[in-house]
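File shown: upload.cif (mmCIF, C-alpha atoms and all ligand atoms).
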```cif
data_query
#
loop_
_atom_site.label_atom_id
_atom_site.label_comp_id
_atom_site.auth_asym_id
_atom_site.auth_seq_id
_atom_site.Cartn_x
_atom_site.Cartn_y
_atom_site.Cartn_z
CA MET A 9 -256.34 30.01 70.18
CA THR A 10 -259.38 28.85 72.10
CA SER A 11 -260.46 32.38 73.07
CA LEU A 12 -261.18 33.27 69.43
CA ARG A 13 -264.32 32.22 67.65
CA LEU A 14 -262.70 30.38 64.77
CA GLY A 15 -263.89 30.68 61.23
CA ARG A 16 -266.56 32.64 59.45
CA GLN A 17 -269.86 31.41 58.17
CA GLN A 18 -269.65 30.73 54.46
CA PRO A 19 -272.24 32.68 52.45
CA ALA A 20 -275.15 30.41 51.54
CA THR A 21 -275.13 31.52 47.90
CA VAL A 22 -271.73 30.06 47.05
CA GLY A 23 -270.71 26.44 46.82
CA PRO A 24 -267.99 24.20 45.46
CA GLY A 25 -269.28 24.73 41.91
CA SER A 26 -268.59 28.46 42.03
CA ALA A 27 -265.49 29.74 40.22
CA GLY A 28 -262.77 29.82 42.85
CA VAL A 29 -259.79 27.50 43.00
CA THR A 30 -259.93 23.74 42.42
CA VAL A 31 -256.76 21.67 42.57
CA THR A 32 -256.85 17.95 41.81
CA GLY A 33 -254.05 15.39 41.98
CA LEU A 34 -251.40 18.09 41.75
CA ARG A 35 -247.74 17.15 41.55
CA ALA A 36 -245.11 19.80 40.98
CA GLY A 37 -241.51 20.62 41.75
CA TYR A 38 -238.27 21.97 40.37
CA GLY A 39 -236.31 19.94 37.86
CA ARG A 40 -236.25 16.36 39.05
CA ILE A 41 -237.21 17.23 42.59
CA GLU A 42 -240.91 16.80 43.30
CA VAL A 43 -242.13 19.19 46.03
CA LEU A 44 -245.91 18.63 45.89
CA HIS A 45 -246.93 14.98 45.93
CA GLY A 46 -250.60 14.91 44.97
CA ILE A 47 -252.59 17.86 46.31
CA ASP A 48 -256.38 18.16 46.24
CA LEU A 49 -258.08 21.30 47.50
CA VAL A 50 -261.05 23.53 46.77
CA VAL A 51 -261.52 27.22 47.57
CA PRO A 52 -265.05 28.21 46.51
CA ALA A 53 -265.91 31.81 45.66
CA GLY A 54 -266.74 33.74 48.83
CA SER A 55 -264.49 31.67 51.06
CA VAL A 56 -261.04 31.84 52.67
CA LEU A 57 -258.77 28.80 52.80
CA ALA A 58 -255.86 29.22 55.23
CA LEU A 59 -252.89 27.01 54.38
CA PHE A 60 -250.33 26.32 57.07
CA GLY A 61 -247.16 24.28 57.13
CA PRO A 62 -243.54 24.27 58.26
CA ASN A 63 -240.76 25.95 56.26
CA GLY A 64 -240.08 24.18 53.00
CA ALA A 65 -243.39 22.28 52.99
CA GLY A 66 -244.27 23.60 49.52
CA LYS A 67 -246.77 26.38 50.33
CA SER A 68 -245.24 29.00 48.02
CA THR A 69 -244.78 26.35 45.35
CA LEU A 70 -248.50 25.61 45.50
CA LEU A 71 -249.33 29.32 45.14
CA ALA A 72 -246.94 29.55 42.18
CA VAL A 73 -248.80 26.75 40.41
CA VAL A 74 -252.20 28.26 41.17
CA ARG A 75 -251.22 31.61 39.72
CA GLY A 76 -249.84 29.93 36.60
CA GLN A 77 -246.16 30.63 37.27
CA LEU A 78 -245.04 27.04 37.68
CA ARG A 79 -246.21 24.19 35.48
CA PRO A 80 -247.15 21.05 37.38
CA THR A 81 -246.03 17.61 36.26
CA CYS A 82 -249.44 16.13 36.97
CA GLY A 83 -252.96 17.14 37.98
CA THR A 84 -255.47 19.85 37.16
CA VAL A 85 -255.74 23.41 38.47
CA THR A 86 -258.82 25.51 37.74
CA VAL A 87 -258.71 29.13 38.89
CA GLY A 88 -261.51 31.62 38.33
CA GLY A 89 -263.04 29.21 35.80
CA LEU A 90 -259.79 28.94 33.78
CA ASP A 91 -257.30 26.11 33.39
CA ALA A 92 -254.30 27.59 35.23
CA VAL A 93 -251.91 25.08 33.68
CA ARG A 94 -252.59 26.13 30.10
CA THR A 95 -253.59 29.77 30.52
CA PRO A 96 -250.76 32.34 30.33
CA THR A 97 -250.12 34.13 33.63
CA GLU A 98 -251.05 37.56 32.18
CA ARG A 99 -254.40 36.20 31.01
CA LEU A 100 -255.07 34.69 34.42
CA ALA A 101 -254.28 38.08 35.97
CA ARG A 102 -256.59 39.88 33.53
CA ALA A 103 -259.30 37.35 34.35
CA GLY A 104 -259.05 38.29 38.01
CA VAL A 105 -256.46 35.98 39.56
CA CYS A 106 -254.24 38.24 41.65
CA ALA A 107 -251.51 37.62 44.17
CA VAL A 108 -249.78 39.49 46.97
CA PRO A 109 -246.42 37.73 47.08
CA GLU A 110 -244.27 37.35 50.18
CA GLY A 111 -242.36 40.59 50.86
CA ARG A 112 -243.81 43.95 49.94
CA ALA A 113 -243.28 44.66 46.29
CA VAL A 114 -243.31 48.46 46.36
CA PHE A 115 -240.93 51.02 44.88
CA PRO A 116 -239.28 52.93 47.75
CA ASN A 117 -238.89 56.14 45.72
CA LEU A 118 -242.45 56.42 44.44
CA THR A 119 -245.25 57.95 46.50
CA VAL A 120 -248.43 56.08 47.38
CA ARG A 121 -250.31 58.04 44.72
CA GLU A 122 -247.68 57.38 42.05
CA HIS A 123 -247.94 53.64 42.77
CA LEU A 124 -251.69 53.69 42.36
CA ARG A 125 -251.41 55.63 39.10
CA LEU A 126 -248.74 53.28 37.74
CA TRP A 127 -250.70 50.15 38.60
CA THR A 128 -253.93 51.62 37.32
CA TYR A 129 -252.47 52.47 33.92
CA ALA A 130 -250.90 49.02 33.69
CA GLY A 131 -254.22 47.38 34.59
CA GLY A 132 -256.37 49.60 32.36
CA ALA A 133 -258.70 50.69 35.15
CA GLY A 134 -259.90 54.26 35.90
CA VAL A 135 -257.38 56.25 37.95
CA GLY A 136 -259.91 58.24 39.97
CA GLU A 137 -261.97 55.18 40.89
CA VAL A 138 -258.94 53.16 41.98
CA GLU A 139 -257.60 56.00 44.11
CA ALA A 140 -260.99 56.61 45.72
CA ALA A 141 -261.55 52.91 46.44
CA THR A 142 -258.04 52.49 47.87
CA TYR A 143 -258.30 55.51 50.12
CA GLU A 144 -261.71 54.43 51.36
CA ARG A 145 -260.36 50.95 52.10
CA PHE A 146 -257.17 52.24 53.70
CA PRO A 147 -257.62 55.74 55.19
CA ARG A 148 -254.00 55.59 56.34
CA LEU A 149 -252.88 55.48 52.72
CA ALA A 150 -255.11 58.47 51.96
CA GLU A 151 -253.34 60.48 54.66
CA ARG A 152 -249.99 59.42 53.22
CA ARG A 153 -250.77 59.68 49.52
CA HIS A 154 -247.78 61.97 48.87
CA GLN A 155 -245.35 60.01 51.05
CA LEU A 156 -242.60 57.87 49.51
CA ALA A 157 -243.38 54.15 49.88
CA GLY A 158 -239.91 53.53 51.29
CA THR A 159 -240.78 55.67 54.32
CA LEU A 160 -244.12 53.95 55.05
CA SER A 161 -244.40 51.56 57.98
CA GLY A 162 -244.37 47.82 57.25
CA GLY A 163 -248.15 47.62 57.65
CA GLU A 164 -248.72 50.59 55.37
CA GLN A 165 -246.43 49.06 52.73
CA GLN A 166 -248.43 45.86 52.96
CA MET A 167 -251.66 47.85 52.52
CA LEU A 168 -250.15 49.35 49.38
CA ALA A 169 -249.08 45.91 48.11
CA ILE A 170 -252.62 44.60 48.69
CA SER A 171 -254.01 47.65 46.87
CA ARG A 172 -252.10 46.60 43.78
CA ALA A 173 -253.78 43.20 43.76
CA LEU A 174 -257.18 44.85 44.20
CA VAL A 175 -256.81 47.29 41.27
CA GLY A 176 -258.46 44.85 38.87
CA SER A 177 -261.23 43.74 41.33
CA PRO A 178 -259.94 40.16 41.49
CA LYS A 179 -262.12 37.08 41.72
CA VAL A 180 -259.33 35.03 43.25
CA LEU A 181 -256.80 36.45 45.69
CA LEU A 182 -253.62 34.61 46.67
CA LEU A 183 -251.82 35.90 49.77
CA ASP A 184 -248.38 34.66 50.80
CA GLU A 185 -247.30 35.45 54.38
CA LEU A 186 -249.17 38.74 54.66
CA SER A 187 -248.13 39.11 58.29
CA THR A 188 -244.34 38.86 57.95
CA GLY A 189 -242.70 41.44 60.20
CA LEU A 190 -245.96 43.13 61.22
CA ALA A 191 -247.38 43.83 64.68
CA PRO A 192 -250.32 41.58 65.67
CA LEU A 193 -252.78 44.49 65.65
CA VAL A 194 -251.85 45.42 62.07
CA VAL A 195 -252.15 41.78 61.04
CA ALA A 196 -255.62 41.60 62.58
CA GLU A 197 -256.62 44.75 60.69
CA LEU A 198 -255.40 43.31 57.37
CA TYR A 199 -257.23 40.06 57.97
CA GLU A 200 -260.46 41.91 58.71
CA LEU A 201 -260.12 43.30 55.20
CA VAL A 202 -259.49 39.80 53.84
CA ALA A 203 -262.73 38.59 55.44
CA ALA A 204 -264.61 41.57 54.00
CA LEU A 205 -263.22 40.85 50.51
CA ALA A 206 -264.30 37.21 50.71
CA ALA A 207 -267.75 38.36 51.79
CA THR A 208 -268.04 40.15 48.43
CA GLY A 209 -267.59 36.80 46.65
CA MET A 210 -263.82 36.63 46.24
CA ALA A 211 -262.05 33.29 46.74
CA VAL A 212 -259.02 33.78 48.99
CA LEU A 213 -256.18 31.29 49.37
CA LEU A 214 -253.75 32.42 52.03
CA VAL A 215 -250.51 31.05 53.36
CA GLU A 216 -249.79 32.19 56.89
CA GLN A 217 -247.68 31.66 59.99
CA PHE A 218 -249.94 33.74 62.25
CA VAL A 219 -252.19 30.74 62.78
CA THR A 220 -254.69 32.19 65.25
CA THR A 221 -255.43 35.31 63.23
CA ALA A 222 -255.69 33.42 59.96
CA LEU A 223 -258.00 30.79 61.47
CA ALA A 224 -260.27 33.54 62.75
CA VAL A 225 -261.07 34.70 59.20
CA ALA A 226 -260.82 31.36 57.41
CA THR A 227 -263.78 29.27 56.31
CA GLN A 228 -261.51 26.26 55.70
CA ALA A 229 -257.99 25.39 56.78
CA ALA A 230 -255.37 22.92 55.56
CA VAL A 231 -251.96 21.83 56.79
CA LEU A 232 -249.26 20.99 54.25
CA VAL A 233 -246.27 18.93 55.41
CA HIS A 234 -243.56 17.64 53.06
CA GLY A 235 -245.74 18.36 50.04
CA ARG A 236 -248.84 16.56 51.31
CA ILE A 237 -252.04 17.84 52.91
CA VAL A 238 -252.06 16.13 56.30
CA ARG A 239 -255.14 17.84 57.73
CA GLU A 240 -257.99 19.87 56.35
CA GLY A 241 -261.44 20.98 57.39
CA PRO A 242 -263.26 23.77 59.19
CA PRO A 243 -260.91 25.94 61.33
CA SER A 244 -262.37 24.62 64.57
CA GLN A 245 -261.39 21.08 63.59
CA VAL A 246 -257.93 21.92 62.30
CA ALA A 247 -257.08 24.12 65.31
CA ASP A 248 -256.26 21.68 68.03
CA ALA A 249 -253.12 20.88 69.95
CA ALA A 250 -251.72 18.70 67.15
CA LEU A 251 -251.48 21.70 64.80
CA GLY A 252 -248.45 23.02 66.70
CA ASP A 253 -246.68 19.68 66.20
CA TYR A 254 -247.13 19.88 62.45
CA LEU A 255 -245.98 23.47 62.21
CA SER A 256 -242.86 23.01 64.29
CA GLY A 257 -242.02 19.86 62.31
P1 LIG B 301 -241.44 28.77 53.64
O1 LIG B 301 -242.51 28.70 54.70
O2 LIG B 301 -240.07 28.63 54.22
O3 LIG B 301 -241.58 29.95 52.71
P2 LIG B 301 -242.73 26.97 51.76
O4 LIG B 301 -243.63 26.00 52.42
O5 LIG B 301 -243.34 28.12 51.07
O6 LIG B 301 -241.59 27.43 52.76
P3 LIG B 301 -241.49 26.46 49.21
O7 LIG B 301 -240.89 27.82 49.11
O8 LIG B 301 -242.64 26.13 48.34
O9 LIG B 301 -241.86 26.12 50.72
O10 LIG B 301 -240.31 25.41 48.95
C1 LIG B 301 -240.55 24.01 48.94
C2 LIG B 301 -239.26 23.31 48.54
O11 LIG B 301 -238.92 23.65 47.19
C3 LIG B 301 -238.07 23.72 49.40
O12 LIG B 301 -237.27 22.58 49.63
C4 LIG B 301 -237.31 24.71 48.51
O13 LIG B 301 -235.93 24.69 48.77
C5 LIG B 301 -237.62 24.21 47.13
N1 LIG B 301 -237.66 25.30 46.14
C6 LIG B 301 -238.42 26.40 46.20
N2 LIG B 301 -238.21 27.18 45.12
C7 LIG B 301 -237.29 26.53 44.36
C8 LIG B 301 -236.65 26.81 43.12
N3 LIG B 301 -236.94 27.91 42.42
N4 LIG B 301 -235.75 25.92 42.66
C9 LIG B 301 -235.45 24.80 43.33
N5 LIG B 301 -236.04 24.45 44.51
C10 LIG B 301 -236.92 25.31 45.02
#
```

Structure re-expressed in structure tokens:
Amino acid sequence: MTSLRLGRQQPATVGPGSAGVTVTGLRAGYGRIEVLHGIDLVVPAGSVLALFGPNGAGKSTLLAVVRGQLRPTCGTVTVGGLDAVRTPTERLARAGVCAVPEGRAVFPNLTVREHLRLWTYAGGAGVGEVEAATYERFPRLAERRHQLAGTLSGGEQQMLAISRALVGSPKVLLLDELSTGLAPLVVAELYELVAALAATGMAVLLVEQFVTTALAVATQAAVLVHGRIVREGPPSQVADAALGDYLSG
């Protein structure tokens, strides 16, 4: 961990007032069971917040609330300038709040190109532009445009899944365990893209187990344990020996 220069410089033009993600006093759970016990966090536009935590800490639950899929019992959630608690999920998505959920949501029997066309029609964007932008971003998908998604490597499937989220040029990108099952080099490549997207002004909230790689692209980091943020700050401050204790806990 120490050999990497941790964290990127945040662009000077963005600040906490910019439309990213702001969560205040958030409590949420399932039925009577409360999973998140009062969360506060801010992801300004142009920044990457890496969220870590042991299994069952509530990371995916937090992402579900931020993308408007789960209604909290208490607190406020503003995403891309909208109230995520009261705005329907489809409207949040149209306004530029996009997620790449855990696991690669691709159709094994459709080609790369068919996926892009399907998602483009659904999102109302221009087919040619989306294809061109995707192939420029991921040359490997360009080479495999006629290949069935089910026969792509794990990394290529993840590139395709990310491409879906990028069809509508999102303002806020939520990434859940991007690295699952991927080789470290592929993970590093995907996170380079994440850093480049944030540099264009996107707010990125990512949940990750590959701590070192995620910290290298993050501008802020937070550790969630049993539904509470136990540490947060610049990556260099969060990344010390105690981090391992939290994650194994
Ligand atoms: P992991 O790293 O293992 O994916 P996580 O930090 O993302 O874990 P969550 O998936 O948010 O954790 O789960 C937090 C708690 O909420 C867990 O105890 C889990 O069993 C519970 N939980 C998650 N989804 C539901 C659900 N739909 N109904 C009931 N309980 C749920």

- Message: For a test of reading the model, state the distance in Å between CA of Gly176 in chain A and CA of Gly136 in chain A, rounded to one decimal.
- Response: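 Value for the CA of Gly176 in chain A-CA of Gly136 in chain A distance: 13.5 Å.
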
Residues at most 10 Å from ligand LIG 301 (chain B), using all atoms listed in the file? Could they come as a PDB file with C-alpha atoms, keeping the file's coordinate frame?
```pdb
ATOM      1  CA  ALA A  36    -245.110  19.800  40.980  1.00  0.00           C
ATOM      2  CA  GLY A  37    -241.510  20.620  41.750  1.00  0.00           C
ATOM      3  CA  TYR A  38    -238.270  21.970  40.370  1.00  0.00           C
ATOM      4  CA  GLY A  39    -236.310  19.940  37.860  1.00  0.00           C
ATOM      5  CA  ARG A  40    -236.250  16.360  39.050  1.00  0.00           C
ATOM      6  CA  ILE A  41    -237.210  17.230  42.590  1.00  0.00           C
ATOM      7  CA  GLU A  42    -240.910  16.800  43.300  1.00  0.00           C
ATOM      8  CA  VAL A  43    -242.130  19.190  46.030  1.00  0.00           C
ATOM      9  CA  LEU A  44    -245.910  18.630  45.890  1.00  0.00           C
ATOM     10  CA  LEU A  59    -252.890  27.010  54.380  1.00  0.00           C
ATOM     11  CA  PHE A  60    -250.330  26.320  57.070  1.00  0.00           C
ATOM     12  CA  GLY A  61    -247.160  24.280  57.130  1.00  0.00           C
ATOM     13  CA  PRO A  62    -243.540  24.270  58.260  1.00  0.00           C
ATOM     14  CA  ASN A  63    -240.760  25.950  56.260  1.00  0.00           C
ATOM     15  CA  GLY A  64    -240.080  24.180  53.000  1.00  0.00           C
ATOM     16  CA  ALA A  65    -243.390  22.280  52.990  1.00  0.00           C
ATOM     17  CA  GLY A  66    -244.270  23.600  49.520  1.00  0.00           C
ATOM     18  CA  LYS A  67    -246.770  26.380  50.330  1.00  0.00           C
ATOM     19  CA  SER A  68    -245.240  29.000  48.020  1.00  0.00           C
ATOM     20  CA  THR A  69    -244.780  26.350  45.350  1.00  0.00           C
ATOM     21  CA  LEU A  70    -248.500  25.610  45.500  1.00  0.00           C
ATOM     22  CA  LEU A  71    -249.330  29.320  45.140  1.00  0.00           C
ATOM     23  CA  ALA A  72    -246.940  29.550  42.180  1.00  0.00           C
ATOM     24  CA  LEU A  78    -245.040  27.040  37.680  1.00  0.00           C
ATOM     25  CA  GLU A 110    -244.270  37.350  50.180  1.00  0.00           C
ATOM     26  CA  ASP A 184    -248.380  34.660  50.800  1.00  0.00           C
ATOM     27  CA  GLU A 185    -247.300  35.450  54.380  1.00  0.00           C
ATOM     28  CA  VAL A 215    -250.510  31.050  53.360  1.00  0.00           C
ATOM     29  CA  GLU A 216    -249.790  32.190  56.890  1.00  0.00           C
ATOM     30  CA  GLN A 217    -247.680  31.660  59.990  1.00  0.00           C
ATOM     31  CA  LEU A 232    -249.260  20.990  54.250  1.00  0.00           C
ATOM     32  CA  VAL A 233    -246.270  18.930  55.410  1.00  0.00           C
ATOM     33  CA  HIS A 234    -243.560  17.640  53.060  1.00  0.00           C
ATOM     34  CA  GLY A 235    -245.740  18.360  50.040  1.00  0.00           C
ATOM     35  CA  LEU A 255    -245.980  23.470  62.210  1.00  0.00           C
TER      36      LEU A 255
END
```

- Item | Atomic separation - CA of Leu201 in chain A relative to CA of Leu213 in chain A, Å | 13.9 Å

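For the atom pair formed by CA of Ala191 in chain A and CA of Glu164 in chain A, the distance is 11.6 Å, given to one decimal.
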
- Task: Place a sphere of radius 12 Å on (-252.9, 45.8, 42.5) in the file coordinates and name every protein, DNA or RNA residue with an atom inside or on its surface, counting all atoms listed in the file; give the answer as an MDAnalysis selection string.
- Result: chainID A and resid 101:102 104:109 112:114 123:133 138:139 141:142 166:178 181:182

Dump as a CSV table (one decimal), in the frame of the given file, selection limited to C-alpha atoms:
```
chain,number,residue,atom,x,y,z
A,101,ALA,CA,-254.3,38.1,36.0
A,102,ARG,CA,-256.6,39.9,33.5
A,104,GLY,CA,-259.0,38.3,38.0
A,105,VAL,CA,-256.5,36.0,39.6
A,106,CYS,CA,-254.2,38.2,41.6
A,107,ALA,CA,-251.5,37.6,44.2
A,108,VAL,CA,-249.8,39.5,47.0
A,109,PRO,CA,-246.4,37.7,47.1
A,112,ARG,CA,-243.8,44.0,49.9
A,113,ALA,CA,-243.3,44.7,46.3
A,114,VAL,CA,-243.3,48.5,46.4
A,123,HIS,CA,-247.9,53.6,42.8
A,124,LEU,CA,-251.7,53.7,42.4
A,125,ARG,CA,-251.4,55.6,39.1
A,126,LEU,CA,-248.7,53.3,37.7
A,127,TRP,CA,-250.7,50.2,38.6
A,128,THR,CA,-253.9,51.6,37.3
A,129,TYR,CA,-252.5,52.5,33.9
A,130,ALA,CA,-250.9,49.0,33.7
A,131,GLY,CA,-254.2,47.4,34.6
A,132,GLY,CA,-256.4,49.6,32.4
A,133,ALA,CA,-258.7,50.7,35.2
A,138,VAL,CA,-258.9,53.2,42.0
A,139,GLU,CA,-257.6,56.0,44.1
A,141,ALA,CA,-261.6,52.9,46.4
A,142,THR,CA,-258.0,52.5,47.9
A,166,GLN,CA,-248.4,45.9,53.0
A,167,MET,CA,-251.7,47.8,52.5
A,168,LEU,CA,-250.2,49.4,49.4
A,169,ALA,CA,-249.1,45.9,48.1
A,170,ILE,CA,-252.6,44.6,48.7
A,171,SER,CA,-254.0,47.6,46.9
A,172,ARG,CA,-252.1,46.6,43.8
A,173,ALA,CA,-253.8,43.2,43.8
A,174,LEU,CA,-257.2,44.8,44.2
A,175,VAL,CA,-256.8,47.3,41.3
A,176,GLY,CA,-258.5,44.8,38.9
A,177,SER,CA,-261.2,43.7,41.3
A,178,PRO,CA,-259.9,40.2,41.5
A,181,LEU,CA,-256.8,36.4,45.7
A,182,LEU,CA,-253.6,34.6,46.7
```

- Message: Nearest residue to Thr119 in chain A out of A:Glu151, A:Glu197, A:Glu137, A:Glu98, using only C-alpha atoms?
- Response: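 Result for the nearest residue to Thr119 in chain A: A:Glu151.
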
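Among the candidates A:Thr220, A:Ser161, A:Thr97, A:Thr81, the one nearest to Leu190 in chain A when counting all atoms listed in the file is A:Ser161.
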
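The closest residue to Glu122 in chain A, picked from A:Arg148, A:Arg153, A:Ala222, A:Ala140 and counting only C-alpha atoms, is A:Arg153.
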
- Item | Residues near Arg152 in chain A, cut-off 9 Å, all atoms listed in the file, skip fewer than 4 positions along chain, as a ChimeraX atom specification | /A:119-121,147-148,156,160

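Distance check against Val194 in chain A using all atoms listed in the file: of A:Thr221, A:Gln228, A:Ser55, A:Thr86, the minimum falls on A:Thr221.
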
- Message: Just checking: using all atoms listed in the file, which residue out of A:Leu205, A:Leu100, A:Leu57, A:Met210 ends up closest to Val180 in chain A?
- Response: A:Met210

- Counting all atoms listed in the file, select every polymer residue within 10 Å of (-254.7, 40.5, 70.9) as defined in the file's coordinates, and provide the selection as a PyMOL selection string. chain A and resi 12+192-193+196+221

- Message: Calculated over only C-alpha atoms, which of the candidates A:Cys82, A:Gly162, A:Leu198, A:Arg94 has the smallest distance to Leu183 in chain A?
- Response: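 Using only C-alpha atoms, Leu183 in chain A sits closest to A:Leu198.
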